[in-house]
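K.L.:
Before anything else, here's the structure in question.
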Amino acid sequence: MPPLKTHCAISRKRTGDDFAELHKWIDEPTSRLGYDHRERRHHFTEDEKSRIKRYWDAKKEGLGEKAIIEWLFHIALDNLTTAFKMSSKSFSYGPKTYNLMQFGLSKSGFIHCNFDRVDEHQLDFIFEDELEEDYY
């Protein structure tokens with residue numbers, strides 16, 4: 001699971017706001033539940049969606065929609081990170097333990113995917129602009 005700093009940096013890059021309060025709230029049950037904290041606030045439900053929208057719209061009209069989207073990105077990133085870690089430990093994945101993933105989402109619902117495996121230095125080079133701006 002990415003740390004708070006990473007979630008906030010990605011939100012800031014995407015929206016201009018780090019949504020730190022939202023990310024802290026999403027992961028708050030960690031202190032009590034550990035890894036099982038994902039049983040709370042990590043599943044899309046209409047009730048949770050409405051709760052987030054109401055709270056963030058009360059802070060600033062229109063911010064609720066962004067908060068919902070950032071919540072969904074948070075959940076997705078947590079799950080991608082877990083899948084990567086699990087594939088890294090699995091012998092069955094071997095050289096297909098990809099650490100560079102690109103997704104393109106079309107309005108038709110089609111998802112375009114590219115996967116690659118690169119060394120850590122190459123990842124740093126690919127994302128050097130983000131590293132310089134302290135995104136991660």
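Ordering of the structure tokens sets the chain letters (A, B, ...), residue numbers begin anew at 1 in every chain, and ligands are numbered from 1 in the order given.
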So which residues of chain A fall under alpha helix (DSSP H) by DSSP, listed as a PyMOL selection string?

P.N.:
chain A and resi 4-15+20-27+30-33+46-59+63-89+120-126+128-132

K.L.:
Write out, as a tab-separated table (two decimals), in the first residue's frame, the residues just selected, with C-alpha atoms.

P.N.:
```tsv
chain	number	residue	atom	x	y	z
A	4	LEU	CA	0.12	8.87	2.54
A	5	LYS	CA	2.80	11.04	0.91
A	6	THR	CA	2.43	9.12	-2.36
A	7	HIS	CA	-1.37	9.26	-2.40
A	8	CYS	CA	-1.26	13.01	-1.70
A	9	ALA	CA	1.40	13.66	-4.35
A	10	ILE	CA	-0.60	11.85	-7.01
A	11	SER	CA	-3.77	13.75	-6.08
A	12	ARG	CA	-1.85	17.02	-6.20
A	13	LYS	CA	-0.49	16.17	-9.64
A	14	ARG	CA	-3.95	15.24	-10.91
A	15	THR	CA	-6.03	18.00	-9.26
A	20	ALA	CA	-4.50	14.82	2.53
A	21	GLU	CA	-7.53	14.87	4.81
A	22	LEU	CA	-9.36	12.45	2.50
A	23	HIS	CA	-6.41	10.05	2.22
A	24	LYS	CA	-5.88	10.09	6.00
A	25	TRP	CA	-9.59	9.36	6.52
A	26	ILE	CA	-9.53	6.47	4.02
A	27	ASP	CA	-6.62	4.79	5.83
A	30	THR	CA	-5.18	1.01	9.76
A	31	SER	CA	-4.17	1.79	13.35
A	32	ARG	CA	-6.84	-0.59	14.66
A	33	LEU	CA	-7.17	-3.15	11.88
A	46	GLU	CA	-23.44	4.63	-3.02
A	47	ASP	CA	-23.60	5.45	0.71
A	48	GLU	CA	-19.85	6.06	0.93
A	49	LYS	CA	-19.93	8.03	-2.32
A	50	SER	CA	-22.72	10.26	-0.96
A	51	ARG	CA	-20.95	10.73	2.38
A	52	ILE	CA	-17.73	11.85	0.69
A	53	LYS	CA	-19.55	14.17	-1.72
A	54	ARG	CA	-21.58	15.86	1.04
A	55	TYR	CA	-18.57	16.39	3.30
A	56	TRP	CA	-16.29	17.82	0.61
A	57	ASP	CA	-19.01	19.94	-1.01
A	58	ALA	CA	-19.62	21.48	2.42
A	59	LYS	CA	-15.93	22.47	2.52
A	63	LEU	CA	-15.03	19.69	-4.42
A	64	GLY	CA	-17.15	16.63	-3.67
A	65	GLU	CA	-16.89	15.25	-7.21
A	66	LYS	CA	-13.08	15.50	-7.14
A	67	ALA	CA	-12.98	13.88	-3.70
A	68	ILE	CA	-15.02	10.92	-4.95
A	69	ILE	CA	-12.64	10.45	-7.86
A	70	GLU	CA	-9.57	10.74	-5.61
A	71	TRP	CA	-11.11	8.17	-3.25
A	72	LEU	CA	-11.53	5.76	-6.17
A	73	PHE	CA	-7.97	6.38	-7.39
A	74	HIS	CA	-6.71	5.74	-3.84
A	75	ILE	CA	-8.49	2.38	-3.72
A	76	ALA	CA	-7.29	1.43	-7.21
A	77	LEU	CA	-3.68	2.33	-6.42
A	78	ASP	CA	-3.77	0.30	-3.20
A	79	ASN	CA	-5.01	-2.73	-5.12
A	80	LEU	CA	-2.47	-2.33	-7.94
A	81	THR	CA	0.32	-2.10	-5.38
A	82	THR	CA	-0.90	-5.24	-3.62
A	83	ALA	CA	-1.17	-7.12	-6.94
A	84	PHE	CA	2.38	-6.07	-7.85
A	85	LYS	CA	3.77	-7.19	-4.48
A	86	MET	CA	1.95	-10.52	-4.73
A	87	SER	CA	3.19	-11.12	-8.29
A	88	SER	CA	6.74	-10.28	-7.16
A	89	LYS	CA	6.58	-13.08	-4.60
A	120	GLU	CA	14.69	0.71	-10.54
A	121	HIS	CA	17.16	3.09	-12.19
A	122	GLN	CA	15.12	3.08	-15.39
A	123	LEU	CA	11.94	3.82	-13.39
A	124	ASP	CA	13.70	6.78	-11.78
A	125	PHE	CA	14.73	8.01	-15.23
A	126	ILE	CA	11.20	7.64	-16.65
A	128	GLU	CA	12.58	11.98	-13.01
A	129	ASP	CA	10.36	15.07	-13.37
A	130	GLU	CA	8.05	13.77	-10.66
A	131	LEU	CA	10.98	12.86	-8.41
A	132	GLU	CA	12.42	16.36	-8.76
```

K.L.:
Please give the complete set of residues from chain A that DSSP, run on the backbone, assigns to strand (DSSP E or B), formatted as a list in words.

P.N.:
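Residues of chain A classed as strand (DSSP E or B): Leu100, Met101, Gln102, Phe103, Gly104, Leu105, Ile111, His112, Cys113, Asn114, Phe115 and Asp116 of chain A.
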
K.L.:
With distances taken over only C-alpha atoms, which residue among A:Phe19, A:Phe115, A:Phe127, A:Phe44 lies nearest Tyr98 in chain A?

P.N.:
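Residue with the minimum atom-to-atom distance to Tyr98 in chain A: A:Phe115.
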